[in-house]
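Visitor: Here you go, run06.pdb (PDB, C-alpha atoms):
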ATOM      1  CA  MET C  17       1.397  -3.492   9.292
ATOM      2  CA  ARG C  18       0.216  -7.055   9.938
ATOM      3  CA  PHE C  19      -0.891  -9.743   7.496
ATOM      4  CA  SER C  20      -4.551  -9.104   8.298
ATOM      5  CA  VAL C  21      -4.263  -5.421   7.409
ATOM      6  CA  VAL C  22      -2.301  -5.686   4.202
ATOM      7  CA  LYS C  23      -4.481  -8.273   2.527
ATOM      8  CA  HIS C  24      -7.305  -5.757   2.239
ATOM      9  CA  ILE C  25      -5.451  -4.296  -0.704
ATOM     10  CA  ILE C  26      -6.155  -7.619  -2.399
ATOM     11  CA  PHE C  27      -9.881  -7.345  -1.711
ATOM     12  CA  PHE C  28     -10.178  -4.006  -3.467
ATOM     13  CA  VAL C  29      -7.848  -5.038  -6.282
ATOM     14  CA  LEU C  30     -10.141  -8.006  -6.847
ATOM     15  CA  LEU C  31     -13.158  -5.708  -6.728
ATOM     16  CA  SER C  32     -11.668  -3.538  -9.457
ATOM     17  CA  THR C  33     -11.002  -6.586 -11.664
ATOM     18  CA  LEU C  34     -14.250  -8.522 -11.269
ATOM     19  CA  SER C  35     -15.547  -7.085 -14.501
ATOM     20  CA  PHE C  36     -12.851  -8.817 -16.547
ATOM     21  CA  SER C  37     -15.046 -11.910 -16.917
ATOM     22  CA  GLN C  38     -17.826  -9.942 -18.599
ATOM     23  CA  SER C  39     -18.394  -9.558 -22.322
ATOM     24  CA  LYS C  40     -17.763  -6.235 -24.030
ATOM     25  CA  PHE C  41     -14.801  -5.412 -21.818
ATOM     26  CA  ASP C  42     -14.138  -1.985 -23.186
ATOM     27  CA  GLU C  43     -17.714  -0.768 -22.864
ATOM     28  CA  PHE C  44     -18.024  -2.088 -19.357
ATOM     29  CA  LEU C  45     -14.672  -0.756 -18.156
ATOM     30  CA  THR C  46     -15.086   2.715 -19.638
ATOM     31  CA  PRO C  47     -15.868   5.289 -16.899
ATOM     32  CA  SER C  48     -19.318   6.817 -17.183
ATOM     33  CA  ASP C  49     -19.407  10.477 -18.259
ATOM     34  CA  SER C  50     -22.414  11.070 -15.991
ATOM     35  CA  LEU C  51     -23.758   9.523 -12.818
ATOM     36  CA  ASN C  52     -24.562   5.869 -13.396
ATOM     37  CA  LYS C  53     -26.669   4.932 -10.387
ATOM     38  CA  PRO C  54     -26.541   1.142 -10.877
ATOM     39  CA  ARG C  55     -22.752   1.283 -11.021
ATOM     40  CA  ARG C  56     -22.533   3.632  -8.054
ATOM     41  CA  ASN C  57     -24.862   1.474  -5.978
ATOM     42  CA  ALA C  58     -22.923  -1.667  -6.884
ATOM     43  CA  VAL C  59     -19.641  -0.029  -5.863
ATOM     44  CA  VAL C  60     -21.001   1.365  -2.583
ATOM     45  CA  ILE C  61     -22.739  -1.888  -1.610
ATOM     46  CA  SER C  62     -19.687  -3.983  -2.542
ATOM     47  CA  GLN C  63     -17.273  -1.789  -0.622
ATOM     48  CA  ALA C  64     -19.520  -1.543   2.420
ATOM     49  CA  SER C  65     -20.157  -5.289   2.433
ATOM     50  CA  LEU C  66     -16.502  -6.227   1.982
ATOM     51  CA  GLY C  67     -15.384  -3.750   4.623
ATOM     52  CA  THR C  68     -18.002  -4.874   7.152
ATOM     53  CA  LEU C  69     -17.434  -8.583   6.570
ATOM     54  CA  THR C  70     -13.680  -8.124   6.804
ATOM     55  CA  LEU C  71     -13.928  -6.266  10.111
ATOM     56  CA  ILE C  72     -16.291  -8.912  11.494
ATOM     57  CA  GLY C  73     -13.950 -11.622  10.283
ATOM     58  CA  LEU C  74     -10.944  -9.941  11.866
ATOM     59  CA  ASN C  75     -12.772  -9.546  15.147
ATOM     60  CA  GLN C  76     -13.962 -13.151  15.215
ATOM     61  CA  LEU C  77     -11.038 -14.972  13.637
ATOM     62  CA  TRP C  78      -7.868 -12.908  14.142
ATOM     63  CA  TYR C  79      -8.375 -11.151  17.451
ATOM     64  CA  LYS C  80     -10.004 -14.138  19.177
ATOM     65  CA  ASP C  81      -6.571 -15.763  19.422
ATOM     66  CA  PHE C  82      -5.301 -12.870  21.538
ATOM     67  CA  GLU C  83      -6.353 -11.682  24.960
ATOM     68  CA  ARG C  84      -8.846  -8.812  24.950
ATOM     69  CA  SER C  85      -8.491  -5.750  27.140
ATOM     70  CA  LYS C  86     -10.000  -2.373  27.868
ATOM     71  CA  PHE C  87      -9.464   0.183  25.132
ATOM     72  CA  HIS C  88      -5.922   1.506  25.414
ATOM     73  CA  THR C  89      -3.333   3.341  23.343
ATOM     74  CA  ILE C  90       0.318   2.559  22.693
ATOM     75  CA  ASN C  91       3.276   4.454  21.325
ATOM     76  CA  ASP C  92       4.945   2.171  18.779
ATOM     77  CA  ASN C  93       6.531   4.899  16.671
ATOM     78  CA  ASN C  94      10.061   3.625  17.304
ATOM     79  CA  GLU C  95       9.363   0.051  16.162
ATOM     80  CA  TRP C  96      10.617  -1.663  12.979
ATOM     81  CA  LEU C  97      12.547   1.490  12.028
ATOM     82  CA  GLN C  98       9.165   2.931  10.952
ATOM     83  CA  MET C  99       8.690   0.342   8.186
ATOM     84  CA  ASP C 100       5.294  -0.601   9.605
ATOM     85  CA  LYS C 101       4.226   3.043   9.440
ATOM     86  CA  LEU C 102       5.150   3.219   5.762
ATOM     87  CA  GLY C 103       3.058   0.103   5.299
ATOM     88  CA  HIS C 104       0.078   2.016   6.660
ATOM     89  CA  VAL C 105       0.813   4.951   4.355
ATOM     90  CA  PHE C 106       1.020   2.617   1.341
ATOM     91  CA  THR C 107      -2.172   0.711   2.190
ATOM     92  CA  SER C 108      -4.171   3.869   2.836
ATOM     93  CA  TYR C 109      -2.963   5.419  -0.432
ATOM     94  CA  GLN C 110      -3.764   2.342  -2.530
ATOM     95  CA  LEU C 111      -7.206   1.750  -1.013
ATOM     96  CA  GLY C 112      -8.021   5.437  -1.502
ATOM     97  CA  LYS C 113      -6.777   5.361  -5.088
ATOM     98  CA  HIS C 114      -8.926   2.382  -6.037
ATOM     99  CA  GLY C 115     -11.869   3.708  -4.061
ATOM    100  CA  ALA C 116     -11.771   7.001  -5.959
ATOM    101  CA  GLN C 117     -11.278   5.287  -9.318
ATOM    102  CA  LEU C 118     -14.255   2.997  -8.785
ATOM    103  CA  LEU C 119     -16.444   6.007  -8.063
ATOM    104  CA  ASN C 120     -15.032   7.728 -11.147
ATOM    105  CA  TRP C 121     -16.023   4.634 -13.148
ATOM    106  CA  SER C 122     -19.531   5.143 -11.758
ATOM    107  CA  GLY C 123     -19.688   8.755 -12.955
ATOM    108  CA  VAL C 124     -19.649  10.218  -9.440
ATOM    109  CA  SER C 125     -18.552  13.849  -9.171
ATOM    110  CA  GLU C 126     -14.894  14.602  -8.505
ATOM    111  CA  LYS C 127     -15.745  16.107  -5.136
ATOM    112  CA  ASP C 128     -17.534  12.948  -4.021
ATOM    113  CA  GLN C 129     -14.726  10.786  -5.383
ATOM    114  CA  LEU C 130     -12.366  12.494  -2.974
ATOM    115  CA  LEU C 131     -14.813  12.622  -0.056
ATOM    116  CA  TYR C 132     -16.060   9.038  -0.198
ATOM    117  CA  GLY C 133     -13.541   7.180  -2.352
ATOM    118  CA  ALA C 134     -10.102   8.577  -1.589
ATOM    119  CA  THR C 135     -10.795   8.436   2.158
ATOM    120  CA  LEU C 136     -11.654   4.737   2.002
ATOM    121  CA  GLY C 137      -8.213   3.647   3.183
ATOM    122  CA  PHE C 138      -8.159   6.025   6.137
ATOM    123  CA  THR C 139     -11.671   5.023   7.225
ATOM    124  CA  PHE C 140     -11.099   1.291   6.986
ATOM    125  CA  LEU C 141      -7.651   1.256   8.596
ATOM    126  CA  SER C 142      -8.874   3.497  11.416
ATOM    127  CA  ALA C 143     -11.611   0.961  12.123
ATOM    128  CA  VAL C 144      -8.960  -1.768  12.295
ATOM    129  CA  GLU C 145      -6.984   0.455  14.664
ATOM    130  CA  ILE C 146      -9.963   0.608  17.020
ATOM    131  CA  LEU C 147     -10.010  -3.192  17.109
ATOM    132  CA  ASP C 148      -6.308  -3.034  18.003
ATOM    133  CA  GLY C 149      -7.229  -0.774  20.890
ATOM    134  CA  TYR C 150      -9.224  -3.579  22.506
ATOM    135  CA  SER C 151      -6.461  -6.161  22.060
ATOM    136  CA  LYS C 152      -3.901  -6.608  24.833
ATOM    137  CA  GLU C 153      -1.365  -7.731  22.222
ATOM    138  CA  TRP C 154      -1.393  -4.334  20.503
ATOM    139  CA  GLY C 155      -3.265  -1.107  21.197
ATOM    140  CA  PHE C 156      -4.606   1.957  19.440
ATOM    141  CA  SER C 157      -1.670   3.782  17.862
ATOM    142  CA  TRP C 158      -1.880   7.477  17.026
ATOM    143  CA  GLY C 159       1.222   6.950  14.919
ATOM    144  CA  ASP C 160      -0.726   4.502  12.753
ATOM    145  CA  ILE C 161      -3.585   6.975  12.436
ATOM    146  CA  LEU C 162      -1.158   9.668  11.325
ATOM    147  CA  ALA C 163       0.344   7.275   8.759
ATOM    148  CA  ASN C 164      -3.133   6.421   7.467
ATOM    149  CA  GLY C 165      -3.835  10.118   7.083
ATOM    150  CA  ALA C 166      -0.553  10.653   5.251
ATOM    151  CA  GLY C 167      -1.445   8.025   2.652
ATOM    152  CA  THR C 168      -4.864   9.544   2.085
ATOM    153  CA  GLY C 169      -3.381  13.036   2.018
ATOM    154  CA  LEU C 170      -0.850  12.039  -0.634
ATOM    155  CA  TYR C 171      -3.635  11.005  -2.982
ATOM    156  CA  VAL C 172      -6.078  13.818  -2.212
ATOM    157  CA  GLY C 173      -3.394  16.514  -2.176
ATOM    158  CA  GLN C 174      -2.110  15.626  -5.623
ATOM    159  CA  ASP C 175      -5.605  15.478  -7.056
ATOM    160  CA  LEU C 176      -6.416  18.923  -5.687
ATOM    161  CA  LEU C 177      -3.081  20.396  -6.764
ATOM    162  CA  TRP C 178      -2.519  18.787 -10.176
ATOM    163  CA  LYS C 179      -5.699  16.838 -11.017
ATOM    164  CA  GLU C 180      -3.466  13.787 -11.445
ATOM    165  CA  GLN C 181      -1.145  11.503  -9.488
ATOM    166  CA  ARG C 182       2.315  12.666 -10.511
ATOM    167  CA  ILE C 183       3.937  10.855  -7.595
ATOM    168  CA  ALA C 184       2.880   7.250  -7.037
ATOM    169  CA  LEU C 185       3.484   5.274  -3.861
ATOM    170  CA  LYS C 186       4.853   1.834  -4.749
ATOM    171  CA  TYR C 187       6.098  -1.361  -3.141
ATOM    172  CA  SER C 188       8.716  -4.027  -3.808
ATOM    173  CA  PHE C 189       9.866  -7.116  -1.925
ATOM    174  CA  HIS C 190      12.698  -9.647  -1.826
ATOM    175  CA  GLN C 191      13.162 -12.606   0.497
ATOM    176  CA  THR C 192      15.732 -12.271   3.290
ATOM    177  CA  LYS C 193      17.596 -14.555   5.679
ATOM    178  CA  PHE C 194      15.830 -13.002   8.659
ATOM    179  CA  ALA C 195      12.489 -14.717   8.093
ATOM    180  CA  LYS C 196      14.133 -18.107   8.698
ATOM    181  CA  GLN C 197      15.501 -16.823  11.999
ATOM    182  CA  ARG C 198      12.068 -15.679  13.185
ATOM    183  CA  PRO C 199       9.363 -17.348  11.036
ATOM    184  CA  ASP C 200       6.686 -16.881  13.711
ATOM    185  CA  LYS C 201       7.119 -13.106  13.472
ATOM    186  CA  LEU C 202       8.330 -12.564   9.902
ATOM    187  CA  GLY C 203       6.431 -15.307   8.096
ATOM    188  CA  GLU C 204       6.938 -18.934   7.140
ATOM    189  CA  THR C 205       5.654 -18.979   3.552
ATOM    190  CA  TYR C 206       6.605 -16.620   0.752
ATOM    191  CA  LEU C 207       3.185 -14.926   0.862
ATOM    192  CA  GLU C 208       3.423 -14.377   4.610
ATOM    193  CA  GLN C 209       6.915 -12.946   4.226
ATOM    194  CA  ILE C 210       5.718 -10.494   1.577
ATOM    195  CA  LEU C 211       3.336  -9.087   4.145
ATOM    196  CA  LYS C 212       5.279  -9.521   7.388
ATOM    197  CA  ASP C 213       9.041  -9.421   6.754
ATOM    198  CA  TYR C 214       9.891  -5.734   6.933
ATOM    199  CA  ASN C 215      13.530  -6.545   6.099
ATOM    200  CA  GLY C 216      12.590  -7.392   2.521
ATOM    201  CA  GLN C 217      10.081  -4.611   1.923
ATOM    202  CA  THR C 218      10.874  -1.346   0.177
ATOM    203  CA  TYR C 219       8.476   1.578  -0.205
ATOM    204  CA  TRP C 220       8.955   4.012  -3.084
ATOM    205  CA  LEU C 221       7.886   7.469  -4.121
ATOM    206  CA  SER C 222       7.892   7.216  -7.911
ATOM    207  CA  ALA C 223       7.695  10.557  -9.734
ATOM    208  CA  ASN C 224       6.686  10.840 -13.389
ATOM    209  CA  LEU C 225       9.167  13.147 -15.135
ATOM    210  CA  HIS C 226       6.920  13.993 -18.088
ATOM    211  CA  ALA C 227       4.130  15.129 -15.766
ATOM    212  CA  PHE C 228       6.475  17.630 -14.109
ATOM    213  CA  PHE C 229       8.419  18.927 -17.094
ATOM    214  CA  LYS C 230       5.751  18.632 -19.837
ATOM    215  CA  THR C 231       8.225  17.996 -22.645
ATOM    216  CA  SER C 232       8.018  15.466 -25.452
ATOM    217  CA  LYS C 233      11.712  14.715 -24.971
ATOM    218  CA  ILE C 234      10.869  12.723 -21.854
ATOM    219  CA  PRO C 235       8.812   9.520 -22.355
ATOM    220  CA  LYS C 236       5.514   9.529 -20.497
ATOM    221  CA  TRP C 237       6.309   6.124 -19.017
ATOM    222  CA  LEU C 238       9.628   7.136 -17.414
ATOM    223  CA  ASN C 239       9.722   7.686 -13.646
ATOM    224  CA  VAL C 240      12.435   8.395 -11.093
ATOM    225  CA  ALA C 241      11.934   6.706  -7.739
ATOM    226  CA  VAL C 242      13.355   7.145  -4.254
ATOM    227  CA  GLY C 243      12.904   4.273  -1.840
ATOM    228  CA  TYR C 244      13.234   3.456   1.840
ATOM    229  CA  GLY C 245      13.880   0.116   3.514
ATOM    230  CA  ALA C 246      15.508  -1.353   6.612
ATOM    231  CA  GLU C 247      17.375  -4.501   7.564
ATOM    232  CA  GLY C 248      18.544  -6.540  10.539
ATOM    233  CA  MET C 249      15.198  -6.607  12.351
ATOM    234  CA  LEU C 250      13.893  -9.678  14.151
ATOM    235  CA  THR C 251      11.666  -7.725  16.535
ATOM    236  CA  GLY C 252      10.025  -4.340  16.634
ATOM    237  CA  THR C 253      12.689  -2.783  18.824
ATOM    238  CA  LYS C 254      16.340  -3.550  19.524
ATOM    239  CA  ASP C 255      15.765  -5.771  22.547
ATOM    240  CA  ILE C 256      18.080  -8.025  24.512
ATOM    241  CA  ASP C 257      17.389 -11.079  22.348
ATOM    242  CA  ASN C 258      18.320  -9.226  19.187
ATOM    243  CA  GLN C 259      21.562  -7.958  20.716
ATOM    244  CA  VAL C 260      22.801 -11.091  22.454
ATOM    245  CA  LEU C 261      21.497 -14.035  20.455
ATOM    246  CA  THR C 262      22.197 -12.686  16.978
ATOM    247  CA  THR C 263      24.805 -10.583  15.204
ATOM    248  CA  ASN C 264      22.233  -8.616  13.232
ATOM    249  CA  GLN C 265      22.692  -4.871  12.976
ATOM    250  CA  ARG C 266      19.580  -2.806  12.376
ATOM    251  CA  TYR C 267      20.039  -0.082   9.792
ATOM    252  CA  ARG C 268      18.114   2.023   7.313
ATOM    253  CA  GLN C 269      18.458   1.831   3.534
ATOM    254  CA  TYR C 270      17.826   4.549   0.971
ATOM    255  CA  TYR C 271      17.454   3.940  -2.751
ATOM    256  CA  LEU C 272      17.539   5.870  -6.016
ATOM    257  CA  SER C 273      16.254   4.192  -9.154
ATOM    258  CA  PHE C 274      14.360   4.504 -12.406
ATOM    259  CA  ASP C 275      10.823   3.168 -12.662
ATOM    260  CA  LEU C 276       8.044   2.661 -15.209
ATOM    261  CA  ASN C 277       4.643   4.319 -15.162
ATOM    262  CA  LEU C 278       2.482   1.461 -16.425
ATOM    263  CA  ASN C 279      -0.516   3.785 -16.724
ATOM    264  CA  ALA C 280       1.302   5.671 -19.503
ATOM    265  CA  ILE C 281       1.668   2.643 -21.775
ATOM    266  CA  ASN C 282      -0.359   3.250 -24.928
ATOM    267  CA  THR C 283      -3.077   0.685 -25.534
ATOM    268  CA  ASN C 284      -6.627   0.821 -26.836
ATOM    269  CA  SER C 285      -7.650  -2.052 -24.598
ATOM    270  CA  LYS C 286      -9.518  -0.980 -21.466
ATOM    271  CA  LEU C 287      -8.792  -4.430 -20.064
ATOM    272  CA  LEU C 288      -5.038  -3.940 -20.348
ATOM    273  CA  LYS C 289      -5.310  -0.415 -18.956
ATOM    274  CA  SER C 290      -7.125  -1.796 -15.908
ATOM    275  CA  ILE C 291      -4.483  -4.482 -15.425
ATOM    276  CA  PHE C 292      -1.673  -1.926 -15.766
ATOM    277  CA  ASN C 293      -3.433   0.329 -13.262
ATOM    278  CA  VAL C 294      -3.588  -2.448 -10.673
ATOM    279  CA  PHE C 295       0.040  -3.541 -11.092
ATOM    280  CA  ASN C 296       1.297   0.042 -11.130
ATOM    281  CA  MET C 297       1.507  -0.257  -7.326
ATOM    282  CA  ILE C 298       4.589  -2.452  -7.784
ATOM    283  CA  LYS C 299       8.024  -0.937  -8.380
ATOM    284  CA  ILE C 300       9.563  -2.382 -11.552
ATOM    285  CA  PRO C 301      13.036  -3.934 -10.936
ATOM    286  CA  LEU C 302      15.600  -1.639 -12.584
ATOM    287  CA  PRO C 303      19.182  -0.454 -11.896
ATOM    288  CA  THR C 304      19.307   1.019  -8.408
ATOM    289  CA  LEU C 305      21.732   2.791  -6.103
ATOM    290  CA  GLU C 306      21.483   1.867  -2.418
ATOM    291  CA  PHE C 307      22.852   4.048   0.372
ATOM    292  CA  ASN C 308      23.165   2.881   3.977
ATOM    293  CA  LYS C 309      25.389   3.527   6.969
ATOM    294  CA  LYS C 310      27.841   0.864   5.826
ATOM    295  CA  ARG C 311      28.350   1.666   2.161
ATOM    296  CA  ALA C 312      26.872   2.574  -1.210
ATOM    297  CA  VAL C 313      25.837  -0.368  -3.384
ATOM    298  CA  PHE C 314      24.838  -0.638  -7.040
ATOM    299  CA  HIS C 315      22.140  -3.199  -7.903
ATOM    300  CA  LEU C 316      21.677  -4.095 -11.566
ATOM    301  CA  PHE C 317      18.067  -5.054 -10.799
ATOM    302  CA  TYR C 318      16.666  -4.288  -7.360
ATOM    303  CA  TYR C 319      13.245  -5.349  -6.118
TER     304      TYR C 319
END
For the structure just supplied, provide its representation as structure tokens.
Guide:
Amino acid sequence: MRFSVVKHIIFFVLLSTLSFSQSKFDEFLTPSDSLNKPRRNAVVISQASLGTLTLIGLNQLWYKDFERSKFHTINDNNEWLQMDKLGHVFTSYQLGKHGAQLLNWSGVSEKDQLLYGATLGFTFLSAVEILDGYSKEWGFSWGDILANGAGTGLYVGQDLLWKEQRIALKYSFHQTKFAKQRPDKLGETYLEQILKDYNGQTYWLSANLHAFFKTSKIPKWLNVAVGYGAEGMLTGTKDIDNQVLTTNQRYRQYYLSFDLNLNAINTNSKLLKSIFNVFNMIKIPLPTLEFNKKRAVFHLFYY
């Protein structure tokens, strides 16, 4: 998942927080109990405008630096130890989550929230994939489309099954030595590395224990999370440069950790609830067990 794709999460996070500058925060941030057409129209117009402008901007600014081609497909499923695919799953899930929640804020029916809000990530990322199809540098990837669908399906499936998101898809990042070895590919600045250095990214499935067991003995804010990461990658595949010029070994990493469900923190402030909801996409650093092909490692605080 490239820098240009990931930063669309930021656009929709900003959209969901624009109201913080208004007076009467609580009244404004409270979801409508019936269809509020001005809110719905504002959400639809904002999302459509942002999505359209972003696609135009990508086409004119990002893709212009790369040679165009006829529409073509590629099979990149074996690249980056599938970390890029998890990036697509995460982005699709988060865009769908915020899309559905904005429509809920507008009083739109639950059915339409899922049809037009939760599918936002899949629709937008699929449009980006079409642009990839006309770029010689990349190509249309059915693997990416499947990953986009998985992210959307994770949100929609839980809503249909439980009427709530018991399992959240989260993200964490730490800087690695690999970005300095390949800054053009993995990022030069910290922000670029957050989005491009797959070696430092970890994707988590964070399950809320209280939601599953429905007992007061378990705090509503306590989650258990399993994560996946990878290391030793300077390129998408293990090519000759990676084998000969470096001593890096590519391997997968699996994690088991506790996590916090920020949405379960009790507060009467709608402003704080909105902030917690946005930052709930980030895995909280807590004691973690890591398993990889080399060894098992305990991290006091892993992120």
Visitor: Quick check on the file I pasted: which residues fall under the PyMOL selection byres ((chain C and resi 241) around 8)? Write them as number ranges by chain.
Guide: C: 220-223, 239-240, 242-243, 271-275
Visitor: Around the point (4.1, 4.2, 16.1), in the coordinates given by the file, pick out the residues reaching within 8 Å, counting all atoms listed in the file, and return them as an MDAnalysis selection string.
Guide: chainID C and resid 90:95 98 101 157:160
Visitor: If the PyMOL selection byres ((chain C and resi 126) around 12) is run on the structure shown, which residues does it catch, given as a ChimeraX atom specification?
Guide: /C:49-51,116-125,127-134,172,175-176,179-180
Visitor: Between C:Leu170, C:Leu141, C:Met99, C:Leu278, which one has atoms that come closest to Lys113 in chain C, using all atoms listed in the file?
Guide: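 Going through C:Leu170, C:Leu141, C:Met99, C:Leu278 one by one, the smallest distance to Lys113 in chain C is for C:Leu170.
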Visitor: So what do you get for CA of Ser151 in chain C versus CA of Leu74 in chain C, distance-wise?
Guide: 11.8 Å
